[in-house]
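Text of model11.pdb (PDB, C-alpha atoms, pLDDT in the B column) as supplied:
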ATOM      1  CA  MET E  49     -13.260   5.153  13.715  1.00 81.00           C
ATOM      2  CA  GLN E  50     -14.454   5.047  10.133  1.00 84.00           C
ATOM      3  CA  GLN E  51     -13.126   2.777   7.415  1.00 88.00           C
ATOM      4  CA  HIS E  52     -13.099   3.996   3.808  1.00 88.00           C
ATOM      5  CA  THR E  53     -12.908   1.309   1.142  1.00 92.00           C
ATOM      6  CA  VAL E  54     -14.605  -0.206  -1.893  1.00 94.00           C
ATOM      7  CA  GLN E  55     -17.425  -2.670  -1.328  1.00 93.00           C
ATOM      8  CA  GLN E  56     -19.917  -4.541  -3.477  1.00 94.00           C
ATOM      9  CA  ILE E  57     -23.593  -3.672  -3.181  1.00 90.00           C
ATOM     10  CA  ALA E  58     -25.225  -6.678  -1.514  1.00 89.00           C
ATOM     11  CA  ALA E  59     -28.899  -6.153  -2.381  1.00 84.00           C
ATOM     12  CA  GLY E  60     -31.224  -4.202  -4.637  1.00 80.00           C
ATOM     13  CA  PRO E  61     -31.213  -3.444  -8.341  1.00 80.00           C
ATOM     14  CA  ARG E  62     -27.436  -2.760  -8.401  1.00 85.00           C
ATOM     15  CA  THR E  63     -26.360  -5.943  -6.582  1.00 90.00           C
ATOM     16  CA  GLY E  64     -22.756  -6.800  -7.377  1.00 94.00           C
ATOM     17  CA  MET E  65     -21.769  -3.273  -8.394  1.00 94.00           C
ATOM     18  CA  TYR E  66     -18.879  -1.616  -6.549  1.00 95.00           C
ATOM     19  CA  VAL E  67     -19.028   1.634  -4.560  1.00 93.00           C
ATOM     20  CA  TYR E  68     -16.546   3.518  -2.400  1.00 92.00           C
ATOM     21  CA  THR E  69     -17.953   3.583   1.126  1.00 90.00           C
ATOM     22  CA  GLY E  70     -17.253   5.167   4.491  1.00 88.00           C
ATOM     23  CA  GLY E  71     -18.494   4.460   7.977  1.00 88.00           C
ATOM     24  CA  ASN E  72     -18.273   1.521  10.334  1.00 85.00           C
ATOM     25  CA  ASP E  73     -20.249  -1.480  11.513  1.00 79.00           C
ATOM     26  CA  ARG E  74     -21.516   0.310  14.649  1.00 84.00           C
ATOM     27  CA  MET E  75     -22.949   3.425  12.957  1.00 81.00           C
ATOM     28  CA  GLY E  76     -23.504   2.030   9.471  1.00 83.00           C
ATOM     29  CA  ARG E  77     -21.863   2.545   6.109  1.00 83.00           C
ATOM     30  CA  TYR E  78     -22.606   5.128   3.436  1.00 83.00           C
ATOM     31  CA  ILE E  79     -21.763   5.525  -0.237  1.00 82.00           C
ATOM     32  CA  GLU E  80     -19.160   8.216  -0.923  1.00 83.00           C
ATOM     33  CA  CYS E  81     -18.292   8.030  -4.631  1.00 81.00           C
ATOM     34  CA  CYS E  82     -21.841   8.053  -6.004  1.00 79.00           C
ATOM     35  CA  SER E  83     -23.230  10.177  -3.192  1.00 68.00           C
ATOM     36  CA  ASP E  84     -25.412  12.457  -5.338  1.00 68.00           C
ATOM     37  CA  ALA E  85     -27.316   9.501  -6.768  1.00 62.00           C
ATOM     38  CA  ALA E  86     -27.391   7.715  -3.400  1.00 59.00           C
ATOM     39  CA  LEU E  87     -28.964  10.754  -1.699  1.00 57.00           C
ATOM     40  CA  THR E  88     -31.660  10.858  -4.364  1.00 56.00           C
ATOM     41  CA  VAL E  89     -32.528   7.221  -3.658  1.00 52.00           C
ATOM     42  CA  MET E  90     -32.448   7.731   0.121  1.00 53.00           C
ATOM     43  CA  ARG E  91     -34.803  10.726  -0.093  1.00 54.00           C
ATOM     44  CA  ALA E  92     -37.333   8.876  -2.245  1.00 52.00           C
ATOM     45  CA  PRO E  93     -40.537   7.708  -0.519  1.00 55.00           C
ATOM     46  CA  ARG E  94     -40.049   4.277   1.021  1.00 55.00           C
ATOM     47  CA  GLY E  95     -42.032   2.381  -1.609  1.00 53.00           C
ATOM     48  CA  GLU E  96     -40.111   4.043  -4.462  1.00 51.00           C
ATOM     49  CA  ARG E  97     -36.571   3.254  -3.352  1.00 51.00           C
ATOM     50  CA  THR E  98     -35.976   0.438  -5.793  1.00 51.00           C
ATOM     51  CA  ALA E  99     -37.917   2.195  -8.553  1.00 52.00           C
ATOM     52  CA  SER E 100     -35.936   5.445  -8.392  1.00 63.00           C
ATOM     53  CA  PRO E 101     -34.138   6.270 -11.666  1.00 70.00           C
ATOM     54  CA  ALA E 102     -31.142   7.370  -9.554  1.00 69.00           C
ATOM     55  CA  TRP E 103     -30.303   3.700  -8.965  1.00 70.00           C
ATOM     56  CA  GLN E 104     -28.885   3.494 -12.484  1.00 76.00           C
ATOM     57  CA  ASP E 105     -26.176   5.988 -11.440  1.00 77.00           C
ATOM     58  CA  ILE E 106     -24.992   4.091  -8.364  1.00 86.00           C
ATOM     59  CA  GLY E 107     -22.064   1.735  -8.547  1.00 90.00           C
ATOM     60  CA  HIS E 108     -19.325   0.660 -10.906  1.00 94.00           C
ATOM     61  CA  PRO E 109     -18.611  -2.622 -12.682  1.00 95.00           C
ATOM     62  CA  THR E 110     -15.161  -2.996 -11.052  1.00 97.00           C
ATOM     63  CA  ALA E 111     -13.493  -2.047  -7.784  1.00 96.00           C
ATOM     64  CA  GLU E 112     -10.886  -0.104  -9.773  1.00 96.00           C
ATOM     65  CA  ALA E 113     -13.623   2.032 -11.353  1.00 95.00           C
ATOM     66  CA  ALA E 114     -15.063   2.828  -7.905  1.00 95.00           C
ATOM     67  CA  TYR E 115     -11.608   3.893  -6.650  1.00 95.00           C
ATOM     68  CA  ALA E 116     -11.146   6.022  -9.794  1.00 94.00           C
ATOM     69  CA  HIS E 117     -14.541   7.705  -9.338  1.00 92.00           C
ATOM     70  CA  MET E 118     -13.766   8.532  -5.682  1.00 92.00           C
ATOM     71  CA  ARG E 119     -10.389   9.920  -6.771  1.00 93.00           C
ATOM     72  CA  GLU E 120     -12.165  12.249  -9.230  1.00 92.00           C
ATOM     73  CA  VAL E 121     -14.648  13.325  -6.542  1.00 89.00           C
ATOM     74  CA  LEU E 122     -11.796  14.217  -4.183  1.00 90.00           C
ATOM     75  CA  LEU E 123      -9.684  15.894  -6.877  1.00 93.00           C
ATOM     76  CA  GLY E 124     -12.719  18.067  -7.535  1.00 91.00           C
ATOM     77  CA  ARG E 125     -12.218  19.419  -4.003  1.00 91.00           C
ATOM     78  CA  LEU E 126      -8.574  20.361  -4.670  1.00 94.00           C
ATOM     79  CA  ASP E 127      -7.720  23.759  -3.240  1.00 94.00           C
ATOM     80  CA  THR E 128      -4.623  25.517  -4.535  1.00 93.00           C
ATOM     81  CA  GLU E 129      -5.570  29.035  -3.432  1.00 90.00           C
ATOM     82  CA  LEU E 130      -6.845  29.283   0.131  1.00 80.00           C
ATOM     83  CA  ALA E 131      -4.441  27.305   2.295  1.00 75.00           C
ATOM     84  CA  SER E 132      -0.982  28.566   3.195  1.00 87.00           C
ATOM     85  CA  LEU E 133       1.791  27.691   5.609  1.00 91.00           C
ATOM     86  CA  ALA E 134       2.843  29.912   8.506  1.00 90.00           C
ATOM     87  CA  ASN E 135       6.509  29.122   7.814  1.00 93.00           C
ATOM     88  CA  TRP E 136       8.419  28.523   4.615  1.00 94.00           C
ATOM     89  CA  ALA E 137       8.785  24.978   3.329  1.00 94.00           C
ATOM     90  CA  GLY E 138      10.388  23.396   0.300  1.00 95.00           C
ATOM     91  CA  CYS E 139       8.166  22.516  -2.643  1.00 96.00           C
ATOM     92  CA  ARG E 140       7.430  18.764  -2.603  1.00 96.00           C
ATOM     93  CA  ALA E 141       6.797  18.403  -6.347  1.00 96.00           C
ATOM     94  CA  PRO E 142       8.900  15.759  -8.091  1.00 94.00           C
ATOM     95  CA  SER E 143      11.679  17.268 -10.168  1.00 89.00           C
ATOM     96  CA  GLY E 144      14.370  15.298 -11.953  1.00 85.00           C
ATOM     97  CA  ASP E 145      15.859  12.763  -9.524  1.00 87.00           C
ATOM     98  CA  GLY E 146      14.533  14.540  -6.441  1.00 90.00           C
ATOM     99  CA  ARG E 147      12.031  17.221  -5.651  1.00 91.00           C
ATOM    100  CA  CYS E 148      11.704  20.899  -6.554  1.00 95.00           C
ATOM    101  CA  ASP E 149      12.452  22.258  -3.031  1.00 94.00           C
ATOM    102  CA  VAL E 150      11.830  25.927  -3.978  1.00 96.00           C
ATOM    103  CA  PRO E 151      10.831  27.804  -0.776  1.00 97.00           C
ATOM    104  CA  THR E 152       7.066  28.337  -0.575  1.00 96.00           C
ATOM    105  CA  LYS E 153       4.232  29.052   1.805  1.00 95.00           C
ATOM    106  CA  ARG E 154       1.658  27.809  -0.691  1.00 95.00           C
ATOM    107  CA  VAL E 155      -0.144  24.547  -0.052  1.00 95.00           C
ATOM    108  CA  ALA E 156      -2.270  22.292  -2.212  1.00 96.00           C
ATOM    109  CA  THR E 157      -4.945  20.498  -0.194  1.00 94.00           C
ATOM    110  CA  ILE E 158      -7.641  17.971  -0.887  1.00 91.00           C
ATOM    111  CA  PRO E 159     -10.114  18.316   1.965  1.00 83.00           C
ATOM    112  CA  PRO E 160     -10.531  16.544   4.272  1.00 75.00           C
ATOM    113  CA  LEU E 161      -6.732  16.305   4.456  1.00 69.00           C
ATOM    114  CA  HIS E 162      -6.233  13.449   2.026  1.00 75.00           C
ATOM    115  CA  PHE E 163      -3.486  15.576   0.516  1.00 86.00           C
ATOM    116  CA  HIS E 164      -1.711  18.554   2.089  1.00 92.00           C
ATOM    117  CA  GLU E 165       1.591  19.400   0.417  1.00 95.00           C
ATOM    118  CA  PRO E 166       3.643  22.563   0.027  1.00 96.00           C
ATOM    119  CA  LEU E 167       3.958  23.390  -3.682  1.00 96.00           C
ATOM    120  CA  CYS E 168       5.578  26.419  -5.295  1.00 96.00           C
ATOM    121  CA  ASP E 169       3.685  28.688  -7.697  1.00 95.00           C
ATOM    122  CA  GLU E 170       4.883  26.694 -10.714  1.00 95.00           C
ATOM    123  CA  HIS E 171       3.820  23.322  -9.309  1.00 96.00           C
ATOM    124  CA  CYS E 172       0.605  24.217  -7.463  1.00 96.00           C
ATOM    125  CA  THR E 173      -1.632  22.790 -10.207  1.00 96.00           C
ATOM    126  CA  ARG E 174      -4.126  19.958 -10.558  1.00 96.00           C
ATOM    127  CA  GLU E 175      -1.820  18.164 -13.009  1.00 96.00           C
ATOM    128  CA  VAL E 176       1.064  18.067 -10.513  1.00 96.00           C
ATOM    129  CA  VAL E 177      -1.215  16.971  -7.667  1.00 96.00           C
ATOM    130  CA  GLU E 178      -2.682  14.178  -9.837  1.00 95.00           C
ATOM    131  CA  ALA E 179       0.861  12.934 -10.514  1.00 94.00           C
ATOM    132  CA  MET E 180       1.850  13.107  -6.831  1.00 95.00           C
ATOM    133  CA  TRP E 181      -1.273  11.655  -5.189  1.00 94.00           C
ATOM    134  CA  ASP E 182      -2.231   8.042  -5.774  1.00 91.00           C
ATOM    135  CA  GLY E 183      -5.213   8.103  -3.374  1.00 88.00           C
ATOM    136  CA  PRO E 184      -7.667   7.646  -2.054  1.00 90.00           C
ATOM    137  CA  GLY E 185      -7.084   3.912  -1.512  1.00 90.00           C
ATOM    138  CA  ASP E 186      -8.288   2.303   1.706  1.00 89.00           C
ATOM    139  CA  TRP E 187      -7.846   4.219   4.936  1.00 84.00           C
ATOM    140  CA  SER E 188      -9.197   4.574   8.462  1.00 82.00           C
ATOM    141  CA  GLY E 189     -10.133   7.848  10.095  1.00 74.00           C
ATOM    142  CA  SER E 190     -12.778  10.514  10.123  1.00 66.00           C
ATOM    143  CA  TRP E 191     -13.533  13.231   7.626  1.00 56.00           C
TER
END

Mind converting the file's structure to C-alpha coordinates?
Amino acid sequence: MQQHTVQQIAAGPRTGMYVYTGGNDRMGRYIECCSDAALTVMRAPRGERTASPAWQDIGHPTAEAAYAHMREVLLGRLDTELASLANWAGCRAPSGDGRCDVPTKRVATIPPLHFHEPLCDEHCTREVVEAMWDGPGDWSGSW
(Lines of atoms letter the chains of each structure in order from A and count residues from 1; the text may use other names and numbers.)
(Lines give C-alpha, C1' and ligand atoms only; values in the text may rest on other atoms or scores of the structure.)
Protein backbone atom coordinates (compact mmCIF):
# COMPACT_ATOMS: atom_id res chain seq x y z
CA MET A 1 0.00 0.00 0.00
CA GLN A 2 1.27 3.46 -0.84
CA GLN A 3 1.10 6.49 1.40
CA HIS A 4 0.71 9.95 -0.15
CA THR A 5 1.74 12.88 2.02
CA VAL A 6 4.03 15.89 2.33
CA GLN A 7 7.59 15.33 3.50
CA GLN A 8 10.71 17.43 3.92
CA ILE A 9 13.69 16.73 1.69
CA ALA A 10 16.35 15.23 3.97
CA ALA A 11 19.51 15.72 1.91
CA GLY A 12 20.92 17.55 -1.08
CA PRO A 13 20.75 21.15 -2.24
CA ARG A 14 17.03 21.47 -1.35
CA THR A 15 17.28 20.08 2.20
CA GLY A 16 14.38 21.27 4.33
CA MET A 17 12.07 22.01 1.40
CA TYR A 18 8.69 20.27 1.29
CA VAL A 19 7.41 17.96 -1.46
CA TYR A 20 4.29 15.85 -1.90
CA THR A 21 5.41 12.22 -2.07
CA GLY A 22 3.99 8.79 -2.80
CA GLY A 23 5.28 5.30 -2.21
CA ASN A 24 6.19 3.28 0.85
CA ASP A 25 9.17 2.24 2.92
CA ARG A 26 9.47 -1.16 1.19
CA MET A 27 9.57 0.08 -2.42
CA GLY A 28 10.78 3.62 -1.83
CA ARG A 29 9.21 7.05 -2.06
CA TYR A 30 8.93 9.37 -5.05
CA ILE A 31 8.14 13.04 -5.54
CA GLU A 32 4.69 13.68 -7.02
CA CYS A 33 4.12 17.45 -6.97
CA CYS A 34 7.40 18.50 -8.60
CA SER A 35 7.69 15.37 -10.72
CA ASP A 36 8.83 17.08 -13.94
CA ALA A 37 11.83 18.63 -12.21
CA ALA A 38 12.50 15.46 -10.19
CA LEU A 39 12.62 13.33 -13.36
CA THR A 40 15.14 15.73 -14.88
CA VAL A 41 17.39 15.32 -11.84
CA MET A 42 16.96 11.53 -11.79
CA ARG A 43 17.89 11.23 -15.48
CA ALA A 44 21.04 13.33 -15.09
CA PRO A 45 24.37 11.46 -15.10
CA ARG A 46 25.27 10.32 -11.59
CA GLY A 47 27.96 12.94 -11.01
CA GLU A 48 25.64 15.77 -12.11
CA ARG A 49 22.69 15.06 -9.83
CA THR A 50 23.40 17.82 -7.35
CA ALA A 51 24.55 20.20 -10.07
CA SER A 52 21.41 19.89 -12.20
CA PRO A 53 19.56 23.21 -12.65
CA ALA A 54 16.30 21.27 -12.17
CA TRP A 55 17.01 21.13 -8.43
CA GLN A 56 15.94 24.76 -8.12
CA ASP A 57 12.41 23.71 -9.16
CA ILE A 58 11.99 20.96 -6.57
CA GLY A 59 10.29 21.63 -3.28
CA HIS A 60 8.33 24.32 -1.51
CA PRO A 61 9.09 26.47 1.53
CA THR A 62 6.04 25.20 3.46
CA ALA A 63 4.00 22.01 3.69
CA GLU A 64 0.91 24.01 2.72
CA ALA A 65 2.59 25.13 -0.52
CA ALA A 66 3.44 21.50 -1.38
CA TYR A 67 -0.19 20.45 -0.79
CA ALA A 68 -1.36 23.40 -2.94
CA HIS A 69 1.02 22.48 -5.77
CA MET A 70 -0.17 18.84 -5.74
CA ARG A 71 -3.77 20.07 -5.78
CA GLU A 72 -3.01 22.12 -8.92
CA VAL A 73 -1.29 19.13 -10.55
CA LEU A 74 -4.35 16.95 -9.91
CA LEU A 75 -6.85 19.64 -10.93
CA GLY A 76 -4.95 19.81 -14.21
CA ARG A 77 -6.10 16.21 -14.78
CA LEU A 78 -9.78 17.10 -14.25
CA ASP A 79 -12.01 15.42 -16.81
CA THR A 80 -15.50 16.79 -17.32
CA GLU A 81 -16.12 15.26 -20.75
CA LEU A 82 -15.20 11.60 -21.03
CA ALA A 83 -16.66 9.86 -18.00
CA SER A 84 -20.37 9.15 -17.64
CA LEU A 85 -22.63 7.08 -15.42
CA ALA A 86 -24.61 4.08 -16.64
CA ASN A 87 -27.60 5.17 -14.54
CA TRP A 88 -28.98 8.57 -13.64
CA ALA A 89 -27.81 10.23 -10.44
CA GLY A 90 -28.50 13.53 -8.75
CA CYS A 91 -26.00 16.34 -9.22
CA ARG A 92 -23.79 16.62 -6.11
CA ALA A 93 -22.92 20.31 -6.51
CA PRO A 94 -23.69 22.49 -3.49
CA SER A 95 -26.76 24.64 -4.01
CA GLY A 96 -28.34 26.84 -1.37
CA ASP A 97 -28.75 24.82 1.84
CA GLY A 98 -28.39 21.47 0.09
CA ARG A 99 -27.24 20.20 -3.25
CA CYS A 100 -28.41 20.69 -6.83
CA ASP A 101 -29.79 17.13 -7.31
CA VAL A 102 -30.69 17.64 -11.01
CA PRO A 103 -30.67 14.19 -12.70
CA THR A 104 -27.46 13.61 -14.67
CA LYS A 105 -25.27 10.93 -16.16
CA ARG A 106 -22.31 13.30 -16.38
CA VAL A 107 -19.36 12.84 -14.07
CA ALA A 108 -16.41 15.02 -13.16
CA THR A 109 -13.32 12.97 -12.35
CA ILE A 110 -9.80 13.67 -11.23
CA PRO A 111 -7.80 10.60 -12.17
CA PRO A 112 -6.78 8.45 -10.44
CA LEU A 113 -10.16 8.63 -8.67
CA HIS A 114 -9.35 11.37 -6.19
CA PHE A 115 -12.66 12.89 -7.21
CA HIS A 116 -15.56 11.19 -8.99
CA GLU A 117 -18.85 13.05 -8.65
CA PRO A 118 -22.00 13.30 -10.74
CA LEU A 119 -22.48 16.92 -11.84
CA CYS A 120 -25.14 18.35 -14.14
CA ASP A 121 -24.25 20.34 -17.26
CA GLU A 122 -24.40 23.63 -15.36
CA HIS A 123 -22.11 22.49 -12.55
CA CYS A 124 -19.62 20.29 -14.42
CA THR A 125 -16.89 22.95 -14.37
CA ARG A 126 -13.44 23.37 -12.85
CA GLU A 127 -14.71 26.18 -10.61
CA VAL A 128 -17.40 23.97 -9.04
CA VAL A 129 -14.98 21.06 -8.60
CA GLU A 130 -12.42 23.36 -6.94
CA ALA A 131 -15.11 24.47 -4.47
CA MET A 132 -16.23 20.89 -3.76
CA TRP A 133 -12.85 19.13 -3.49
CA ASP A 134 -10.47 19.99 -0.67
CA GLY A 135 -7.87 17.34 -1.62
CA PRO A 136 -5.50 15.87 -2.03
CA GLY A 137 -4.53 15.76 1.66
CA ASP A 138 -2.90 12.62 3.05
CA TRP A 139 -4.21 9.27 1.90
CA SER A 140 -3.26 5.62 1.49
CA GLY A 141 -3.81 3.59 -1.65
CA SER A 142 -2.50 3.06 -5.12
CA TRP A 143 -2.82 5.20 -8.21

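For the residues E:Gln104, E:Thr63, E:Gln55, E:Thr110, ranking by smallest atom-to-atom distance to Tyr78 in chain E using only C-alpha atoms places E:Gln55 first.
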
The PyMOL selection byres ((chain E and resi 155) around 6) on the file shown: which residues, as a JSON list (two decimals) with C-alpha atoms, keeping the file's coordinate frame?
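Written output follows (out_30.json):
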[["chain", "number", "residue", "atom", "x", "y", "z"],
["E", 131, "ALA", "CA", -4.44, 27.30, 2.30],
["E", 132, "SER", "CA", -0.98, 28.57, 3.20],
["E", 154, "ARG", "CA", 1.66, 27.81, -0.69],
["E", 156, "ALA", "CA", -2.27, 22.29, -2.21],
["E", 165, "GLU", "CA", 1.59, 19.40, 0.42],
["E", 166, "PRO", "CA", 3.64, 22.56, 0.03],
["E", 167, "LEU", "CA", 3.96, 23.39, -3.68]]

Would you list the contacts of range 111-120 of chain E as a VMD selection string, taking every protein, DNA or RNA residue within 9 Å and counting only C-alpha atoms, but skipping same-chain residues closer than 3 positions in sequence? chain E and resid 53 to 56 65 to 68 80 to 82 107 to 108 123 to 125 182 to 185

Once you have the residues from the selection above, write them out as a tab-separated table (two decimals), in the frame of the given file, restricted to C-alpha atoms.
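The resulting file, selection.tsv, is shown below:
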chain	number	residue	atom	x	y	z
E	53	THR	CA	-12.91	1.31	1.14
E	54	VAL	CA	-14.60	-0.21	-1.89
E	55	GLN	CA	-17.42	-2.67	-1.33
E	56	GLN	CA	-19.92	-4.54	-3.48
E	65	MET	CA	-21.77	-3.27	-8.39
E	66	TYR	CA	-18.88	-1.62	-6.55
E	67	VAL	CA	-19.03	1.63	-4.56
E	68	TYR	CA	-16.55	3.52	-2.40
E	80	GLU	CA	-19.16	8.22	-0.92
E	81	CYS	CA	-18.29	8.03	-4.63
E	82	CYS	CA	-21.84	8.05	-6.00
E	107	GLY	CA	-22.06	1.74	-8.55
E	108	HIS	CA	-19.32	0.66	-10.91
E	123	LEU	CA	-9.68	15.89	-6.88
E	124	GLY	CA	-12.72	18.07	-7.54
E	125	ARG	CA	-12.22	19.42	-4.00
E	182	ASP	CA	-2.23	8.04	-5.77
E	183	GLY	CA	-5.21	8.10	-3.37
E	184	PRO	CA	-7.67	7.65	-2.05
E	185	GLY	CA	-7.08	3.91	-1.51

At what distance in Å, to one decimal, does CA of Ala141 in chain E lie from CA of Val177 in chain E? 8.2 Å

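Each of E:Thr152, E:Thr157, E:Thr173, E:Gln50 was checked against Leu126 in chain E using all atoms listed in the file; the smallest atom-to-atom distance is that of E:Thr157.
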
Gap from CA of Pro160 in chain E to CA of Arg147 in chain E - Å, one decimal: 24.7 Å

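On the file presented, the PyMOL selection byres ((chain E and resi 70) around 6) picks out Gln51, His52, Thr69, Gly71, Arg77 and Tyr78 of chain E.
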
Separating CA of Asp73 in chain E from CA of Ser188 in chain E, to the nearest tenth of an Å, is a gap of 13.0 Å

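Each of E:Met75, E:Ala59, E:Leu130, E:Ala179 was compared to Lys153 in chain E using only C-alpha atoms, and E:Leu130 turns out to be the nearest.
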
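In this comparison, which uses only C-alpha atoms, the residue of E:Gly144, E:Ile79, E:Pro159, E:Cys139 approaching Asp127 in chain E most closely is E:Pro159.
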
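Nearest residue to Glu129 in chain E, choosing from E:Ile158, E:Met180, E:Ile106, E:Val150 and counting all atoms listed in the file: E:Ile158.
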
Counting only C-alpha atoms, which residue out of E:Arg62, E:Glu178, E:His164, E:Ala134 sits closest to Trp103 in chain E? E:Arg62

Please rebuild range 152-180 of chain E with N, CA and C atoms and return the result as a PDB file, in the coordinates of the input.
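In the end it all went to rebuild_11.pdb:
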ATOM      1  N   THR E 152       8.449  27.920  -0.325  1.00 96.00           N
ATOM      2  CA  THR E 152       7.066  28.337  -0.575  1.00 96.00           C
ATOM      3  C   THR E 152       6.268  28.334   0.716  1.00 96.00           C
ATOM      4  N   LYS E 153       5.225  29.117   0.730  1.00 95.00           N
ATOM      5  CA  LYS E 153       4.232  29.052   1.805  1.00 95.00           C
ATOM      6  C   LYS E 153       2.907  28.538   1.261  1.00 95.00           C
ATOM      7  N   ARG E 154       2.871  28.283  -0.028  1.00 95.00           N
ATOM      8  CA  ARG E 154       1.658  27.809  -0.691  1.00 95.00           C
ATOM      9  C   ARG E 154       1.450  26.324  -0.432  1.00 95.00           C
ATOM     10  N   VAL E 155       0.189  25.936  -0.321  1.00 95.00           N
ATOM     11  CA  VAL E 155      -0.144  24.547  -0.052  1.00 95.00           C
ATOM     12  C   VAL E 155      -1.272  24.113  -0.974  1.00 95.00           C
ATOM     13  N   ALA E 156      -1.159  22.912  -1.489  1.00 96.00           N
ATOM     14  CA  ALA E 156      -2.270  22.292  -2.212  1.00 96.00           C
ATOM     15  C   ALA E 156      -2.919  21.300  -1.246  1.00 96.00           C
ATOM     16  N   THR E 157      -4.236  21.399  -1.100  1.00 94.00           N
ATOM     17  CA  THR E 157      -4.945  20.498  -0.194  1.00 94.00           C
ATOM     18  C   THR E 157      -6.131  19.858  -0.895  1.00 94.00           C
ATOM     19  N   ILE E 158      -6.419  18.651  -0.478  1.00 91.00           N
ATOM     20  CA  ILE E 158      -7.641  17.971  -0.887  1.00 91.00           C
ATOM     21  C   ILE E 158      -8.394  17.687   0.406  1.00 91.00           C
ATOM     22  N   PRO E 159      -9.368  18.538   0.727  1.00 83.00           N
ATOM     23  CA  PRO E 159     -10.114  18.316   1.965  1.00 83.00           C
ATOM     24  C   PRO E 159     -10.864  16.985   1.900  1.00 83.00           C
ATOM     25  N   PRO E 160     -10.956  16.264   2.914  1.00 75.00           N
ATOM     26  CA  PRO E 160     -10.531  16.544   4.272  1.00 75.00           C
ATOM     27  C   PRO E 160      -9.160  15.951   4.578  1.00 75.00           C
ATOM     28  N   LEU E 161      -8.127  16.628   4.186  1.00 69.00           N
ATOM     29  CA  LEU E 161      -6.732  16.305   4.456  1.00 69.00           C
ATOM     30  C   LEU E 161      -6.274  14.964   3.884  1.00 69.00           C
ATOM     31  N   HIS E 162      -6.782  14.603   2.732  1.00 75.00           N
ATOM     32  CA  HIS E 162      -6.233  13.449   2.026  1.00 75.00           C
ATOM     33  C   HIS E 162      -4.877  13.812   1.436  1.00 75.00           C
ATOM     34  N   PHE E 163      -4.703  15.082   1.151  1.00 86.00           N
ATOM     35  CA  PHE E 163      -3.486  15.576   0.516  1.00 86.00           C
ATOM     36  C   PHE E 163      -3.253  16.987   1.031  1.00 86.00           C
ATOM     37  N   HIS E 164      -2.059  17.237   1.541  1.00 92.00           N
ATOM     38  CA  HIS E 164      -1.711  18.554   2.089  1.00 92.00           C
ATOM     39  C   HIS E 164      -0.208  18.711   1.886  1.00 92.00           C
ATOM     40  N   GLU E 165       0.178  19.302   0.759  1.00 95.00           N
ATOM     41  CA  GLU E 165       1.591  19.400   0.417  1.00 95.00           C
ATOM     42  C   GLU E 165       1.980  20.803   0.013  1.00 95.00           C
ATOM     43  N   PRO E 166       3.146  21.273   0.491  1.00 96.00           N
ATOM     44  CA  PRO E 166       3.643  22.563   0.027  1.00 96.00           C
ATOM     45  C   PRO E 166       4.081  22.452  -1.433  1.00 96.00           C
ATOM     46  N   LEU E 167       3.589  23.360  -2.269  1.00 96.00           N
ATOM     47  CA  LEU E 167       3.958  23.390  -3.682  1.00 96.00           C
ATOM     48  C   LEU E 167       4.205  24.839  -4.084  1.00 96.00           C
ATOM     49  N   CYS E 168       5.265  25.068  -4.843  1.00 96.00           N
ATOM     50  CA  CYS E 168       5.578  26.419  -5.295  1.00 96.00           C
ATOM     51  C   CYS E 168       4.557  26.866  -6.351  1.00 96.00           C
ATOM     52  N   ASP E 169       4.637  28.140  -6.721  1.00 95.00           N
ATOM     53  CA  ASP E 169       3.685  28.688  -7.697  1.00 95.00           C
ATOM     54  C   ASP E 169       3.667  27.888  -8.993  1.00 95.00           C
ATOM     55  N   GLU E 170       4.805  27.449  -9.458  1.00 95.00           N
ATOM     56  CA  GLU E 170       4.883  26.694 -10.714  1.00 95.00           C
ATOM     57  C   GLU E 170       4.203  25.333 -10.613  1.00 95.00           C
ATOM     58  N   HIS E 171       4.312  24.696  -9.456  1.00 96.00           N
ATOM     59  CA  HIS E 171       3.820  23.322  -9.309  1.00 96.00           C
ATOM     60  C   HIS E 171       2.461  23.198  -8.617  1.00 96.00           C
ATOM     61  N   CYS E 172       1.880  24.291  -8.178  1.00 96.00           N
ATOM     62  CA  CYS E 172       0.605  24.217  -7.463  1.00 96.00           C
ATOM     63  C   CYS E 172      -0.545  24.143  -8.469  1.00 96.00           C
ATOM     64  N   THR E 173      -0.624  23.012  -9.169  1.00 96.00           N
ATOM     65  CA  THR E 173      -1.632  22.790 -10.207  1.00 96.00           C
ATOM     66  C   THR E 173      -2.275  21.420 -10.034  1.00 96.00           C
ATOM     67  N   ARG E 174      -3.441  21.259 -10.617  1.00 96.00           N
ATOM     68  CA  ARG E 174      -4.126  19.958 -10.558  1.00 96.00           C
ATOM     69  C   ARG E 174      -3.274  18.863 -11.205  1.00 96.00           C
ATOM     70  N   GLU E 175      -2.618  19.165 -12.308  1.00 96.00           N
ATOM     71  CA  GLU E 175      -1.820  18.164 -13.009  1.00 96.00           C
ATOM     72  C   GLU E 175      -0.701  17.622 -12.120  1.00 96.00           C
ATOM     73  N   VAL E 176      -0.021  18.502 -11.401  1.00 96.00           N
ATOM     74  CA  VAL E 176       1.064  18.067 -10.513  1.00 96.00           C
ATOM     75  C   VAL E 176       0.501  17.252  -9.359  1.00 96.00           C
ATOM     76  N   VAL E 177      -0.602  17.707  -8.773  1.00 96.00           N
ATOM     77  CA  VAL E 177      -1.215  16.971  -7.667  1.00 96.00           C
ATOM     78  C   VAL E 177      -1.654  15.585  -8.138  1.00 96.00           C
ATOM     79  N   GLU E 178      -2.268  15.486  -9.305  1.00 95.00           N
ATOM     80  CA  GLU E 178      -2.682  14.178  -9.837  1.00 95.00           C
ATOM     81  C   GLU E 178      -1.494  13.240  -9.954  1.00 95.00           C
ATOM     82  N   ALA E 179      -0.339  13.760 -10.369  1.00 94.00           N
ATOM     83  CA  ALA E 179       0.861  12.934 -10.514  1.00 94.00           C
ATOM     84  C   ALA E 179       1.440  12.527  -9.153  1.00 94.00           C
ATOM     85  N   MET E 180       1.277  13.374  -8.154  1.00 95.00           N
ATOM     86  CA  MET E 180       1.850  13.107  -6.831  1.00 95.00           C
ATOM     87  C   MET E 180       0.970  12.204  -5.969  1.00 95.00           C
TER      88      MET E 180
END
